[in-house]
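J.: Below is the file work19.pdb, with PDB, C-alpha atoms, pLDDT in the B column.
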ATOM      1  CA  MET A   1     186.623-168.908  -2.382  1.00 66.00           C
ATOM      2  CA  LYS A   2     188.562-165.791  -1.455  1.00 70.00           C
ATOM      3  CA  LYS A   3     191.132-166.660  -4.100  1.00 72.00           C
ATOM      4  CA  TYR A   4     188.430-166.806  -6.800  1.00 70.00           C
ATOM      5  CA  LEU A   5     187.018-163.426  -5.744  1.00 69.00           C
ATOM      6  CA  ILE A   6     190.479-161.861  -5.999  1.00 76.00           C
ATOM      7  CA  ILE A   7     191.007-163.379  -9.461  1.00 76.00           C
ATOM      8  CA  ILE A   8     187.562-162.129 -10.629  1.00 76.00           C
ATOM      9  CA  PHE A   9     188.328-158.681  -9.230  1.00 72.00           C
ATOM     10  CA  ILE A  10     191.706-158.526 -11.014  1.00 78.00           C
ATOM     11  CA  ILE A  11     190.185-159.677 -14.314  1.00 76.00           C
ATOM     12  CA  SER A  12     187.373-157.108 -13.987  1.00 72.00           C
ATOM     13  CA  ALA A  13     189.857-154.331 -13.203  1.00 68.00           C
ATOM     14  CA  MET A  14     191.986-155.292 -16.189  1.00 69.00           C
ATOM     15  CA  ALA A  15     188.913-155.323 -18.435  1.00 67.00           C
ATOM     16  CA  PHE A  16     188.081-151.759 -17.367  1.00 67.00           C
ATOM     17  CA  VAL A  17     191.661-150.598 -17.840  1.00 64.00           C
ATOM     18  CA  PHE A  18     192.058-152.117 -21.294  1.00 63.00           C
ATOM     19  CA  ALA A  19     188.557-151.072 -22.400  1.00 61.00           C
ATOM     20  CA  GLY A  20     189.666-147.450 -22.130  1.00 57.00           C
ATOM     21  CA  CYS A  21     192.128-147.683 -24.998  1.00 55.00           C
ATOM     22  CA  LYS A  22     192.035-144.890 -27.523  1.00 57.00           C
ATOM     23  CA  LYS A  23     191.070-147.200 -30.376  1.00 59.00           C
ATOM     24  CA  THR A  24     187.838-148.207 -28.676  1.00 60.00           C
ATOM     25  CA  LEU A  25     186.897-144.611 -27.903  1.00 62.00           C
ATOM     26  CA  GLU A  26     187.239-143.317 -31.443  1.00 69.00           C
ATOM     27  CA  GLU A  27     183.855-142.763 -33.014  1.00 71.00           C
ATOM     28  CA  LYS A  28     182.790-142.519 -36.592  1.00 73.00           C
ATOM     29  CA  PRO A  29     179.616-140.387 -36.595  1.00 70.00           C
ATOM     30  CA  VAL A  30     176.797-141.938 -38.548  1.00 73.00           C
ATOM     31  CA  THR A  31     174.268-139.128 -38.126  1.00 77.00           C
ATOM     32  CA  PHE A  32     176.372-136.256 -39.477  1.00 75.00           C
ATOM     33  CA  ILE A  33     175.947-135.220 -43.097  1.00 77.00           C
ATOM     34  CA  SER A  34     178.632-132.906 -44.412  1.00 77.00           C
ATOM     35  CA  PRO A  35     177.619-130.092 -46.786  1.00 79.00           C
ATOM     36  CA  SER A  36     179.526-131.756 -49.618  1.00 75.00           C
ATOM     37  CA  ASN A  37     177.435-134.913 -49.126  1.00 76.00           C
ATOM     38  CA  PHE A  38     174.133-133.043 -48.731  1.00 82.00           C
ATOM     39  CA  PHE A  39     174.284-130.419 -51.476  1.00 83.00           C
ATOM     40  CA  THR A  40     174.429-132.801 -54.435  1.00 84.00           C
ATOM     41  CA  ASN A  41     171.544-131.520 -56.583  1.00 86.00           C
ATOM     42  CA  ALA A  42     169.100-128.633 -56.964  1.00 87.00           C
ATOM     43  CA  GLN A  43     166.488-130.320 -54.750  1.00 89.00           C
ATOM     44  CA  SER A  44     168.905-130.425 -51.818  1.00 88.00           C
ATOM     45  CA  TYR A  45     169.353-126.641 -51.998  1.00 89.00           C
ATOM     46  CA  GLN A  46     165.589-126.184 -52.217  1.00 91.00           C
ATOM     47  CA  SER A  47     165.087-128.474 -49.215  1.00 90.00           C
ATOM     48  CA  ALA A  48     167.598-126.477 -47.203  1.00 90.00           C
ATOM     49  CA  VAL A  49     165.804-123.206 -47.963  1.00 92.00           C
ATOM     50  CA  LEU A  50     162.434-124.792 -47.129  1.00 93.00           C
ATOM     51  CA  GLY A  51     163.937-125.723 -43.768  1.00 91.00           C
ATOM     52  CA  LEU A  52     164.386-122.012 -43.065  1.00 92.00           C
ATOM     53  CA  TYR A  53     160.613-121.610 -43.109  1.00 91.00           C
ATOM     54  CA  ALA A  54     160.391-124.157 -40.308  1.00 88.00           C
ATOM     55  CA  ASP A  55     162.755-121.922 -38.306  1.00 84.00           C
ATOM     56  CA  LEU A  56     160.199-119.108 -38.557  1.00 85.00           C
ATOM     57  CA  GLY A  57     157.942-120.951 -36.133  1.00 81.00           C
ATOM     58  CA  GLY A  58     160.626-120.644 -33.488  1.00 79.00           C
ATOM     59  CA  LEU A  59     160.308-116.860 -33.538  1.00 78.00           C
ATOM     60  CA  TYR A  60     156.772-117.128 -32.173  1.00 76.00           C
ATOM     61  CA  GLN A  61     157.021-120.114 -29.866  1.00 73.00           C
ATOM     62  CA  SER A  62     156.034-120.399 -26.206  1.00 62.00           C
ATOM     63  CA  ASN A  63     155.327-116.995 -24.663  1.00 64.00           C
ATOM     64  CA  THR A  64     157.272-114.725 -26.993  1.00 66.00           C
ATOM     65  CA  TYR A  65     154.096-112.699 -27.440  1.00 64.00           C
ATOM     66  CA  MET A  66     154.941-111.291 -24.023  1.00 63.00           C
ATOM     67  CA  LEU A  67     158.104-109.781 -25.472  1.00 67.00           C
ATOM     68  CA  LEU A  68     156.297-108.469 -28.520  1.00 71.00           C
ATOM     69  CA  GLU A  69     153.053-107.136 -27.079  1.00 72.00           C
ATOM     70  CA  MET A  70     153.262-107.017 -23.298  1.00 71.00           C
ATOM     71  CA  CYS A  71     154.896-103.592 -23.132  1.00 67.00           C
ATOM     72  CA  THR A  72     152.276-102.016 -25.412  1.00 72.00           C
ATOM     73  CA  ASP A  73     148.905-100.659 -24.405  1.00 72.00           C
ATOM     74  CA  ILE A  74     147.134-103.815 -25.577  1.00 76.00           C
ATOM     75  CA  TYR A  75     147.646-105.505 -22.206  1.00 74.00           C
ATOM     76  CA  LYS A  76     146.679-104.256 -18.791  1.00 77.00           C
ATOM     77  CA  GLN A  77     149.030-104.765 -15.882  1.00 78.00           C
ATOM     78  CA  PRO A  78     149.346-108.527 -15.360  1.00 76.00           C
ATOM     79  CA  SER A  79     149.018-110.343 -12.107  1.00 75.00           C
ATOM     80  CA  PRO A  80     152.339-110.913 -10.321  1.00 74.00           C
ATOM     81  CA  SER A  81     151.401-114.593 -10.152  1.00 74.00           C
ATOM     82  CA  PHE A  82     151.791-114.859 -13.939  1.00 72.00           C
ATOM     83  CA  GLU A  83     155.407-115.929 -14.278  1.00 74.00           C
ATOM     84  CA  GLN A  84     157.717-113.301 -15.824  1.00 74.00           C
ATOM     85  CA  ALA A  85     154.789-111.197 -17.057  1.00 75.00           C
ATOM     86  CA  LEU A  86     155.149-108.133 -14.829  1.00 75.00           C
ATOM     87  CA  PRO A  87     158.791-107.432 -15.766  1.00 76.00           C
ATOM     88  CA  MET A  88     157.833-107.902 -19.435  1.00 73.00           C
ATOM     89  CA  TRP A  89     154.947-105.475 -19.060  1.00 73.00           C
ATOM     90  CA  GLN A  90     157.350-102.982 -17.471  1.00 74.00           C
ATOM     91  CA  ASN A  91     159.682-103.532 -20.474  1.00 71.00           C
ATOM     92  CA  ALA A  92     162.414-104.835 -18.183  1.00 73.00           C
ATOM     93  CA  PRO A  93     162.993-108.447 -19.255  1.00 71.00           C
ATOM     94  CA  ASN A  94     165.750-110.344 -17.537  1.00 74.00           C
ATOM     95  CA  PRO A  95     168.262-112.137 -19.803  1.00 74.00           C
ATOM     96  CA  VAL A  96     167.681-115.405 -17.933  1.00 76.00           C
ATOM     97  CA  TYR A  97     163.922-115.462 -18.606  1.00 75.00           C
ATOM     98  CA  TYR A  98     162.975-118.302 -20.918  1.00 73.00           C
ATOM     99  CA  ASN A  99     161.004-115.872 -23.106  1.00 71.00           C
ATOM    100  CA  THR A 100     164.091-113.760 -23.672  1.00 74.00           C
ATOM    101  CA  ILE A 101     166.303-116.792 -24.265  1.00 77.00           C
ATOM    102  CA  ASP A 102     163.783-118.304 -26.709  1.00 78.00           C
ATOM    103  CA  ALA A 103     163.426-115.107 -28.735  1.00 79.00           C
ATOM    104  CA  TRP A 104     167.183-114.477 -28.982  1.00 83.00           C
ATOM    105  CA  GLY A 105     168.053-118.097 -29.704  1.00 85.00           C
ATOM    106  CA  SER A 106     165.315-118.606 -32.292  1.00 87.00           C
ATOM    107  CA  GLY A 107     166.278-115.468 -34.195  1.00 89.00           C
ATOM    108  CA  TYR A 108     169.938-116.340 -34.303  1.00 91.00           C
ATOM    109  CA  SER A 109     169.181-119.956 -35.182  1.00 91.00           C
ATOM    110  CA  LEU A 110     167.376-118.741 -38.303  1.00 93.00           C
ATOM    111  CA  ILE A 111     170.249-116.365 -39.094  1.00 94.00           C
ATOM    112  CA  LYS A 112     172.829-119.140 -38.625  1.00 93.00           C
ATOM    113  CA  ASP A 113     170.947-121.492 -40.936  1.00 93.00           C
ATOM    114  CA  ALA A 114     170.418-118.791 -43.574  1.00 95.00           C
ATOM    115  CA  ASN A 115     174.112-117.861 -43.496  1.00 94.00           C
ATOM    116  CA  PHE A 116     175.048-121.518 -43.909  1.00 93.00           C
ATOM    117  CA  ILE A 117     172.793-121.871 -46.944  1.00 93.00           C
ATOM    118  CA  LEU A 118     173.948-118.586 -48.460  1.00 94.00           C
ATOM    119  CA  ASP A 119     177.600-119.586 -48.055  1.00 91.00           C
ATOM    120  CA  ASN A 120     176.928-122.889 -49.815  1.00 90.00           C
ATOM    121  CA  LEU A 121     174.738-121.325 -52.506  1.00 90.00           C
ATOM    122  CA  ALA A 122     177.512-118.900 -53.409  1.00 86.00           C
ATOM    123  CA  ASN A 123     179.693-121.812 -54.523  1.00 85.00           C
ATOM    124  CA  ALA A 124     176.903-123.886 -56.076  1.00 83.00           C
ATOM    125  CA  SER A 125     177.613-124.909 -59.642  1.00 82.00           C
ATOM    126  CA  ILE A 126     175.005-127.672 -60.002  1.00 87.00           C
ATOM    127  CA  ILE A 127     171.938-125.399 -60.086  1.00 89.00           C
ATOM    128  CA  ASP A 128     170.877-122.981 -62.783  1.00 88.00           C
ATOM    129  CA  ALA A 129     171.219-119.218 -62.298  1.00 88.00           C
ATOM    130  CA  THR A 130     167.461-118.594 -61.978  1.00 91.00           C
ATOM    131  CA  THR A 131     167.004-121.160 -59.201  1.00 90.00           C
ATOM    132  CA  LYS A 132     170.166-119.973 -57.487  1.00 90.00           C
ATOM    133  CA  SER A 133     168.921-116.369 -57.579  1.00 91.00           C
ATOM    134  CA  GLN A 134     165.494-117.344 -56.209  1.00 93.00           C
ATOM    135  CA  LEU A 135     166.901-119.450 -53.364  1.00 93.00           C
ATOM    136  CA  THR A 136     169.436-116.749 -52.490  1.00 93.00           C
ATOM    137  CA  ALA A 137     166.669-114.132 -52.368  1.00 95.00           C
ATOM    138  CA  GLU A 138     164.503-116.324 -50.121  1.00 95.00           C
ATOM    139  CA  ALA A 139     167.363-117.047 -47.709  1.00 95.00           C
ATOM    140  CA  ARG A 140     168.381-113.378 -47.605  1.00 95.00           C
ATOM    141  CA  PHE A 141     164.771-112.297 -46.949  1.00 95.00           C
ATOM    142  CA  LEU A 142     164.324-114.753 -44.078  1.00 95.00           C
ATOM    143  CA  ARG A 143     167.649-113.700 -42.572  1.00 95.00           C
ATOM    144  CA  ALA A 144     166.608-110.037 -42.883  1.00 96.00           C
ATOM    145  CA  TYR A 145     163.267-110.846 -41.243  1.00 94.00           C
ATOM    146  CA  ALA A 146     165.055-112.470 -38.304  1.00 93.00           C
ATOM    147  CA  TYR A 147     167.293-109.400 -37.952  1.00 95.00           C
ATOM    148  CA  PHE A 148     164.233-107.124 -38.052  1.00 93.00           C
ATOM    149  CA  TYR A 149     162.569-109.233 -35.356  1.00 89.00           C
ATOM    150  CA  LEU A 150     165.656-109.121 -33.134  1.00 89.00           C
ATOM    151  CA  VAL A 151     166.424-105.418 -33.611  1.00 91.00           C
ATOM    152  CA  GLN A 152     162.815-104.581 -32.703  1.00 85.00           C
ATOM    153  CA  LEU A 153     163.191-106.501 -29.455  1.00 82.00           C
ATOM    154  CA  TYR A 154     166.764-105.755 -28.419  1.00 83.00           C
ATOM    155  CA  GLY A 155     167.996-102.666 -30.262  1.00 86.00           C
ATOM    156  CA  ASP A 156     171.697-102.993 -31.049  1.00 91.00           C
ATOM    157  CA  ILE A 157     172.482-106.632 -31.820  1.00 92.00           C
ATOM    158  CA  PRO A 158     175.458-108.555 -33.241  1.00 93.00           C
ATOM    159  CA  LEU A 159     175.462-108.661 -37.056  1.00 94.00           C
ATOM    160  CA  ARG A 160     176.676-111.963 -38.447  1.00 92.00           C
ATOM    161  CA  THR A 161     176.675-112.431 -42.234  1.00 90.00           C
ATOM    162  CA  THR A 162     178.718-115.615 -42.617  1.00 89.00           C
ATOM    163  CA  THR A 163     178.890-118.958 -40.876  1.00 89.00           C
ATOM    164  CA  ILE A 164     181.124-119.406 -37.857  1.00 87.00           C
ATOM    165  CA  GLN A 165     184.285-121.308 -38.752  1.00 85.00           C
ATOM    166  CA  SER A 166     186.094-121.214 -35.384  1.00 85.00           C
ATOM    167  CA  TYR A 167     185.497-120.515 -31.713  1.00 87.00           C
ATOM    168  CA  SER A 168     187.262-117.158 -31.999  1.00 85.00           C
ATOM    169  CA  GLN A 169     184.404-115.896 -34.194  1.00 85.00           C
ATOM    170  CA  ILE A 170     181.633-116.642 -31.714  1.00 86.00           C
ATOM    171  CA  GLN A 171     181.658-113.432 -29.687  1.00 88.00           C
ATOM    172  CA  ILE A 172     181.278-110.308 -31.767  1.00 90.00           C
ATOM    173  CA  PRO A 173     180.276-106.804 -30.656  1.00 92.00           C
ATOM    174  CA  ARG A 174     176.808-105.399 -31.101  1.00 91.00           C
ATOM    175  CA  THR A 175     176.063-103.422 -34.246  1.00 91.00           C
ATOM    176  CA  SER A 176     174.025-100.222 -34.178  1.00 93.00           C
ATOM    177  CA  GLN A 177     170.342-100.339 -35.102  1.00 91.00           C
ATOM    178  CA  ASP A 178     170.939 -98.041 -38.081  1.00 93.00           C
ATOM    179  CA  SER A 179     173.531-100.423 -39.500  1.00 93.00           C
ATOM    180  CA  ILE A 180     171.213-103.376 -38.958  1.00 93.00           C
ATOM    181  CA  TYR A 181     168.364-101.581 -40.767  1.00 94.00           C
ATOM    182  CA  ASN A 182     170.710-100.682 -43.623  1.00 94.00           C
ATOM    183  CA  PHE A 183     171.757-104.329 -43.849  1.00 94.00           C
ATOM    184  CA  ILE A 184     168.122-105.439 -43.893  1.00 94.00           C
ATOM    185  CA  LEU A 185     167.338-103.071 -46.764  1.00 93.00           C
ATOM    186  CA  SER A 186     170.436-103.998 -48.779  1.00 88.00           C
TER
END
Could you write out this structure as structure tokens?

T.:
Amino acid sequence: MKKYLIIIFIISAMAFVFAGCKKTLEEKPVTFISPSNFFTNAQSYQSAVLGLYADLGGLYQSNTYMLLEMCTDIYKQPSPSFEQALPMWQNAPNPVYYNTIDAWGSGYSLIKDANFILDNLANASIIDATTKSQLTAEARFLRAYAYFYLVQLYGDIPLRTTTIQSYSQIQIPRTSQDSIYNFILS
């Protein structure tokens, strides 16, 4: 009996060792659609721009009204039992508060998506000039709106106008409010 247990153990150990081969671990993603496979006709560009409108909802999700209105005279001093409200009312949000994280992340998610679409629209040859101009204007407006939203909340913010191509491009310095406003108006 002991002999059989040892044999089963050795076979099991070998199965685990050989199951870890590189060939078995290589994956072929089935849920990823590359831009060259997605942007195949005018409707795909229109769908992508329509998706930006869905990102707008993220700017006003959860309790972001606390960031937008709490430090004005509309609200009276909140109860300390209301989570994160008193620091918001005092205009001293903490960067780890979910309201702050949601507002920053939602704004930059919209900007990232708009930059991606604008980069792909610039090279689009399968749509007519009128449609291309309209979709570019919509994407630029929504990106500008996200920048306006963020600069109102945070002041100087990073200005990103193209998609990120490498990890070295992730961290960029903040840009002055005046430059952000000039970018919005351009």

J.: Report as a list in words all protein, DNA and RNA residues lying within 10 Å of Tyr53 of chain A, evaluated on only C-alpha atoms, omitting residues in the same chain fewer than 2 positions from it.

T.: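 Answer for this query is Ala48, Val49, Leu50, Gly51, Asp55, Leu56, Gly57, Gly58, Leu110, Glu138, Ala139 and Leu142 of chain A.
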
J.: With all atoms listed in the file as the basis for distance, which of A:Leu118, A:Ile127, A:Leu150, A:Ala85 is at the shortest distance from Trp104 of chain A?

T.: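 Among the listed residues, the smallest separation from Trp104 of chain A belongs to A:Leu150.
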
J.: Using atom CA of Asn41 of chain A and atom CA of Ile126 of chain A as the two end points, give the distance in Å to one decimal.

T.: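 If I compute the distance from atom CA of Asn41 of chain A to atom CA of Ile126 of chain A, I get 6.2 Å.
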
J.: With distances taken over only C-alpha atoms, which residue among A:Asn91, A:Ser168, A:Ser36, A:Gln43 lies nearest Leu153 of chain A?

T.: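 For Leu153 of chain A, the nearest of the candidates is A:Asn91.
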
J.: What separation in Å, quoted to one decimal, exists between atom CA of Ala103 of chain A and atom CA of Ile117 of chain A?

T.: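 Taking atom CA of Ala103 of chain A as the start and atom CA of Ile117 of chain A as the end point, the length is 21.6 Å.
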
J.: From the options A:Pro80, A:Leu121, A:Tyr154, A:Arg140, which residue's atoms come nearest to Pro95 of chain A, counting only C-alpha atoms?

T.: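 With only C-alpha atoms as the atom set, the closest residue is A:Tyr154.
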
J.: For the file shown, report as a PDB file with C-alpha atoms, in the coordinates of the input the outcome of the PyMOL selection byres ((chain A and resi 172-185) around 6) at residue level.

T.:
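Output below, filename out-v9.pdb:
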ATOM      1  CA  ALA A 144     166.608-110.037 -42.883  1.00 96.00           C
ATOM      2  CA  GLY A 155     167.996-102.666 -30.262  1.00 86.00           C
ATOM      3  CA  ASP A 156     171.697-102.993 -31.049  1.00 91.00           C
ATOM      4  CA  ILE A 157     172.482-106.632 -31.820  1.00 92.00           C
ATOM      5  CA  PRO A 158     175.458-108.555 -33.241  1.00 93.00           C
ATOM      6  CA  LEU A 159     175.462-108.661 -37.056  1.00 94.00           C
ATOM      7  CA  GLN A 171     181.658-113.432 -29.687  1.00 88.00           C
ATOM      8  CA  SER A 186     170.436-103.998 -48.779  1.00 88.00           C
TER       9      SER A 186
END

J.: How far is it from atom CA of Tyr108 of chain A to atom CA of Ala146 of chain A, in Å with one decimal?

T.: 7.4 Å

J.: Near Thr163 of chain A, within 8 Å and counting only C-alpha atoms, which residues show up once chain neighbours fewer than 4 positions away are dropped, as a PyMOL selection string?

T.: chain A and resi 112+115-116+119

J.: Please save C-alpha atoms of the selected residues as a short mmCIF file (atom, residue, chain, number, x, y, z; two decimals), in the coordinates of the input.

T.:
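Wrote it out as selection.cif, contents follow:
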data_model
loop_
_atom_site.label_atom_id
_atom_site.label_comp_id
_atom_site.auth_asym_id
_atom_site.auth_seq_id
_atom_site.Cartn_x
_atom_site.Cartn_y
_atom_site.Cartn_z
CA LYS A 112 172.83 -119.14 -38.62
CA ASN A 115 174.11 -117.86 -43.50
CA PHE A 116 175.05 -121.52 -43.91
CA ASP A 119 177.60 -119.59 -48.06
#

J.: Rank A:Thr100, A:Ser12, A:Glu69, A:Leu52 by their smallest atom-to-atom distance to Gln84 of chain A, using all atoms listed in the file, and report the top residue only.

T.: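 So, comparing all the options, the nearest one is A:Thr100.
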